[in-house]
file protein38.cif (mmCIF, C-alpha atoms)
data_start
#
loop_
_atom_site.label_atom_id
_atom_site.label_comp_id
_atom_site.auth_asym_id
_atom_site.auth_seq_id
_atom_site.Cartn_x
_atom_site.Cartn_y
_atom_site.Cartn_z
CA MET X 8 -4.35 5.14 5.74
CA LYS X 9 -4.20 7.78 8.44
CA ASN X 10 -6.41 10.09 6.37
CA VAL X 11 -9.12 7.46 5.95
CA ILE X 12 -9.23 6.72 9.68
CA GLU X 13 -9.31 10.44 10.53
CA ILE X 14 -12.26 10.97 8.17
CA MET X 15 -14.00 7.92 9.64
CA LEU X 16 -13.62 9.21 13.20
CA SER X 17 -14.33 12.89 12.56
CA SER X 18 -17.22 12.63 10.08
CA GLN X 19 -18.70 9.28 11.13
CA ASP X 20 -19.97 9.17 7.55
CA TYR X 21 -19.80 5.82 5.74
CA GLN X 22 -19.94 7.23 2.21
CA GLN X 23 -17.35 9.94 2.88
CA THR X 24 -15.00 7.37 4.42
CA ASN X 25 -15.43 5.06 1.41
CA GLU X 26 -14.63 7.94 -0.93
CA ALA X 27 -11.46 8.66 1.06
CA LEU X 28 -10.48 4.97 0.85
CA LYS X 29 -11.04 5.03 -2.92
CA ALA X 30 -8.85 8.15 -3.23
CA VAL X 31 -6.08 6.43 -1.25
CA TYR X 32 -6.37 3.39 -3.52
CA ASP X 33 -6.14 5.52 -6.66
CA LYS X 34 -3.06 7.32 -5.32
CA PHE X 35 -1.49 4.02 -4.19
CA LYS X 36 -1.71 2.58 -7.70
CA GLN X 37 0.44 5.48 -8.96
CA LEU X 38 3.30 4.84 -6.52
CA SER X 39 6.66 3.43 -7.60
CA ILE X 40 7.94 -0.03 -6.75
CA ASN X 41 10.24 1.47 -4.08
CA GLU X 42 7.26 3.15 -2.41
CA VAL X 43 4.99 0.08 -2.25
CA ALA X 44 7.59 -2.56 -1.42
CA SER X 45 7.85 -3.89 2.13
CA VAL X 46 11.25 -3.82 3.83
CA MET X 47 12.48 -6.87 5.71
CA GLY X 48 15.73 -8.37 6.93
CA ILE X 49 16.73 -11.80 5.63
CA LYS X 50 17.66 -14.54 8.11
CA ASN X 51 18.50 -18.17 7.42
CA TYR X 52 18.55 -17.61 3.66
CA SER X 53 21.01 -20.46 3.02
CA LYS X 54 18.89 -22.90 5.04
CA TYR X 55 15.84 -22.29 2.84
CA ALA X 56 17.66 -21.77 -0.48
CA SER X 57 19.42 -25.13 -0.14
CA LEU X 58 16.00 -26.84 -0.10
CA CYS X 59 14.84 -25.17 -3.33
CA THR X 60 15.34 -26.21 -6.94
CA GLY X 61 15.09 -23.75 -9.80
CA PHE X 62 11.94 -21.71 -9.30
CA LYS X 63 10.38 -24.34 -7.02
CA THR X 64 10.64 -23.20 -3.39
CA CYS X 65 10.44 -25.35 -0.29
CA LYS X 66 7.37 -25.64 1.90
CA GLY X 67 7.26 -23.24 4.84
CA MET X 68 9.65 -20.72 3.29
CA PRO X 69 8.81 -17.19 4.53
CA VAL X 70 7.55 -14.85 1.80
CA HIS X 71 10.48 -12.43 2.09
CA CYS X 72 12.95 -15.33 1.74
CA LYS X 73 11.05 -16.50 -1.37
CA ALA X 74 11.29 -12.97 -2.74
CA ALA X 75 15.06 -12.96 -2.19
CA TYR X 76 15.44 -16.45 -3.64
CA TYR X 77 13.48 -15.57 -6.79
CA TYR X 78 15.56 -12.42 -7.22
CA ASN X 79 18.78 -14.45 -7.02
CA GLU X 80 17.44 -17.10 -9.41
CA ILE X 81 16.45 -14.50 -12.01
CA LEU X 82 19.86 -12.83 -11.68
CA LYS X 83 21.49 -16.20 -12.45
CA THR X 84 19.09 -17.00 -15.29
CA LEU X 85 19.67 -13.62 -16.97
CA ASN X 86 23.43 -13.62 -16.24
CA LEU X 87 23.16 -10.42 -14.20
CA THR X 88 25.11 -11.51 -11.12
CA GLY X 89 28.01 -9.27 -12.16
CA LYS X 90 25.75 -6.24 -12.48
CA TYR X 91 23.57 -6.69 -9.36
CA GLU X 92 24.59 -8.04 -5.98
CA PRO X 93 22.79 -11.26 -4.94
CA ILE X 94 20.82 -11.29 -1.68
CA GLY X 95 22.05 -13.31 1.28
CA SER X 96 21.47 -13.77 5.02
CA GLY X 97 21.77 -10.54 6.97
CA ASP X 98 20.73 -8.33 4.05
CA LYS X 99 17.78 -5.96 4.15
CA ILE X 100 15.55 -6.17 1.10
CA ARG X 101 12.46 -4.62 -0.39
CA TYR X 102 9.87 -7.10 -1.66
CA PHE X 103 6.46 -6.97 -3.27
CA TYR X 104 3.81 -9.23 -4.78
CA VAL X 105 3.73 -9.59 -8.57
CA ASN X 106 1.04 -10.33 -11.12
CA LYS X 107 0.64 -13.83 -12.47
CA PRO X 108 1.10 -15.28 -14.98
CA ASN X 109 4.68 -14.26 -15.59
CA ARG X 110 7.66 -15.93 -17.21
CA TYR X 111 8.74 -17.77 -14.03
CA ASN X 112 5.28 -18.20 -12.45
CA ILE X 113 6.38 -16.43 -9.25
CA ASN X 114 4.11 -14.45 -6.93
CA VAL X 115 6.65 -12.26 -5.13
CA ILE X 116 10.07 -10.75 -5.76
CA GLY X 117 12.61 -8.78 -3.79
CA PHE X 118 15.57 -6.58 -4.51
CA LYS X 119 18.47 -5.22 -2.53
CA TYR X 120 19.33 -1.64 -3.45
CA ASP X 121 17.98 -0.76 -6.87
CA TRP X 122 15.25 -2.44 -8.86
CA PRO X 123 16.87 -4.10 -11.92
CA VAL X 124 15.33 -2.50 -15.02
CA GLU X 125 15.78 -5.87 -16.77
CA PHE X 126 13.07 -7.26 -14.44
CA ASN X 127 10.43 -4.85 -15.82
CA GLU X 128 9.85 -7.20 -18.77
CA ILE X 129 9.43 -10.18 -16.45
CA VAL X 130 7.20 -9.04 -13.58
CA THR X 131 4.81 -6.23 -12.72
CA PRO X 132 3.64 -5.27 -9.22
CA ASN X 133 0.30 -6.65 -8.09
CA TYR X 134 -0.95 -3.36 -6.66
CA ASP X 135 -4.28 -4.86 -5.60
CA LYS X 136 -2.67 -7.54 -3.44
CA ILE X 137 -0.10 -5.13 -2.01
CA PHE X 138 -2.87 -2.61 -1.20
CA THR X 139 -4.95 -5.31 0.45
CA LYS X 140 -2.12 -6.41 2.71
CA LEU X 141 -0.70 -2.99 3.61
CA ILE X 142 -3.72 -0.67 3.67
CA TYR X 143 -7.06 -2.46 3.31
CA LYS X 144 -6.71 -5.10 6.06
CA PRO X 145 -5.83 -2.58 8.83
CA ILE X 146 -8.61 -0.21 7.71
CA GLU X 147 -11.07 -3.11 7.54
CA ARG X 148 -10.56 -3.65 11.29
CA PHE X 149 -11.68 -0.07 11.94
CA TYR X 150 -14.74 -0.58 9.74
CA ASN X 151 -15.58 -3.76 11.65
CA CYS X 152 -15.36 -1.91 14.98
CA VAL X 153 -18.12 0.47 13.91
CA LYS X 154 -20.06 -2.35 12.18
CA TRP X 155 -19.56 -0.99 8.66
CA LYS X 156 -19.05 -3.20 5.62
CA CYS X 157 -15.65 -2.55 4.03
CA TYR X 158 -15.23 -3.08 0.29
CA LEU X 159 -12.03 -3.15 -1.69
CA PRO X 160 -12.00 0.00 -3.84
CA ASN X 161 -11.36 -2.07 -6.98
CA GLN X 162 -14.62 -3.98 -6.46
CA ALA X 163 -17.52 -2.46 -8.34
CA VAL X 164 -20.18 -1.68 -5.74
CA LYS X 165 -22.79 0.74 -7.02
CA CYS X 166 -25.09 0.61 -4.03
CA ASP X 167 -24.71 -1.06 -0.65
CA LEU X 168 -28.18 -2.37 0.23
CA PHE X 169 -27.21 -2.87 3.87
CA SER X 170 -26.33 0.80 4.29
CA LEU X 171 -29.69 1.78 2.72
CA LEU X 172 -31.58 -0.45 5.15
CA ALA X 173 -29.61 0.86 8.14
CA GLU X 174 -30.72 4.46 7.50
#
call {"tool": "encode", "arguments": {"input": "protein38.cif", "output": "structure tokens"}}
result
Amino acid sequence: MKNVIEIMLSSQDYQQTNEALKAVYDKFKQLSINEVASVMGIKNYSKYASLCTGFKTCKGMPVHCKAAYYYNEILKTLNLTGKYEPIGSGDKIRYFYVNKPNRYNINVIGFKYDWPVEFNEIVTPNYDKIFTKLIYKPIERFYNCVKWKCYLPNQAVKCDLFSLLAE
């Protein structure tokens, strides 16, 4: 992200900045789950978990609590609670968005220390959504400040007509 903003400020070149953003996106998609996951502390887990049933979460549940809850539910479903420690209040977790559809129709999952290899068959990271939240949205604000149109690198844009007209 820092590299894209530095190129934007130093070159003031729209195309060069877009190329840098695309390069960051390509590199991001190669990162491991540990490198793209967000880290968050869990508070009030019991309060929210007690309102959930199976893989149906309660309304208003924070995304990181949902991620922890889904992790715990999958551990129970796969009988892995003896192998991996469940998440509870006060724990720090890593969480990330996952592709749908998946076996449990979940959109996010967390983990405590190590990613359970058994989960690889169930969920895959949604790199596009993670990239959008962590990298694209902050960079988009910089683009907006200089009145440039920001495109997600995974969107096929061959030619930006607005940039042609602005020249």
call {"tool": "residues_around", "arguments": {"input": "protein38.cif", "residues": "Leu159 (chain X)", "least_positions_apart": "2", "cutoff": "9 Å", "atoms": "only C-alpha atoms", "output": "PyMOL selection string"}}
result
chain X and resi 28-29+32+135+139+143+157+161-163
call {"tool": "write_last_selection", "arguments": {"input": "protein38.cif", "atoms": "C-alpha atoms", "output": "JSON list (two decimals), keeping the file's coordinate frame"}}
result
[["chain", "number", "residue", "atom", "x", "y", "z"],
["X", 28, "LEU", "CA", -10.48, 4.97, 0.85],
["X", 29, "LYS", "CA", -11.04, 5.03, -2.92],
["X", 32, "TYR", "CA", -6.37, 3.39, -3.52],
["X", 135, "ASP", "CA", -4.28, -4.86, -5.60],
["X", 139, "THR", "CA", -4.95, -5.31, 0.45],
["X", 143, "TYR", "CA", -7.06, -2.46, 3.31],
["X", 157, "CYS", "CA", -15.65, -2.55, 4.03],
["X", 161, "ASN", "CA", -11.36, -2.07, -6.98],
["X", 162, "GLN", "CA", -14.62, -3.98, -6.46],
["X", 163, "ALA", "CA", -17.52, -2.46, -8.34]]
call {"tool": "residues_near_point", "arguments": {"input": "protein38.cif", "point": "(19.8, -19.7, 1.7)", "cutoff": "10 Å", "atoms": "all atoms listed in the file", "output": "list of chain:residue names"}}
result
X:Ile49, X:Lys50, X:Asn51, X:Tyr52, X:Ser53, X:Lys54, X:Tyr55, X:Ala56, X:Ser57, X:Leu58, X:Cys59, X:Cys72, X:Lys73, X:Ala75, X:Tyr76, X:Ile94, X:Gly95, X:Ser96
call {"tool": "residues_near_point", "arguments": {"input": "protein38.cif", "point": "(14.7, 0.4, -5.4)", "cutoff": "6 Å", "atoms": "all atoms listed in the file", "output": "ChimeraX atom specification"}}
result
/X:41,120-122
call {"tool": "residues_around", "arguments": {"input": "protein38.cif", "residues": "Ala27 (chain X)", "least_positions_apart": "4", "cutoff": "9 Å", "atoms": "only C-alpha atoms", "output": "ChimeraX atom specification"}}
result
/X:10-11,14-15,22-23,31-32
call {"tool": "closest_residue", "arguments": {"input": "protein38.cif", "among": "X:Lys83, X:Tyr77, X:Glu92, X:Ile142", "to": "Tyr111 (chain X)", "atoms": "only C-alpha atoms"}}
result
X:Tyr77
call {"tool": "residues_around", "arguments": {"input": "protein38.cif", "residues": "Ile100 (chain X)", "least_positions_apart": "4", "cutoff": "7 Å", "atoms": "all atoms listed in the file", "output": "list of chain:residue names"}}
result
X:Val46, X:Met47, X:Gly48, X:Gly117, X:Phe118, X:Lys119
call {"tool": "atom_distance", "arguments": {"input": "protein38.cif", "atom1": "CA of Leu141 (chain X)", "atom2": "CA of Leu82 (chain X)"}}
result
27.4 Å
call {"tool": "atom_distance", "arguments": {"input": "protein38.cif", "atom1": "CA of Val43 (chain X)", "atom2": "CA of Asn79 (chain X)"}}
result
20.6 Å
call {"tool": "atom_distance", "arguments": {"input": "protein38.cif", "atom1": "CA of Glu128 (chain X)", "atom2": "CA of Arg110 (chain X)"}}
result
9.1 Å
call {"tool": "resolve_selection", "arguments": {"input": "protein38.cif", "expression": "the PyMOL selection byres ((chain X and resi 104-109) around 12)", "output": "ChimeraX atom specification"}}
result
/X:40,43-45,70-71,73-74,77,101-103,110-117,126-141
call {"tool": "closest_residue", "arguments": {"input": "protein38.cif", "among": "X:Met8, X:Glu42, X:Asn25, X:Thr64", "to": "Tyr158 (chain X)", "atoms": "all atoms listed in the file"}}
result
X:Asn25
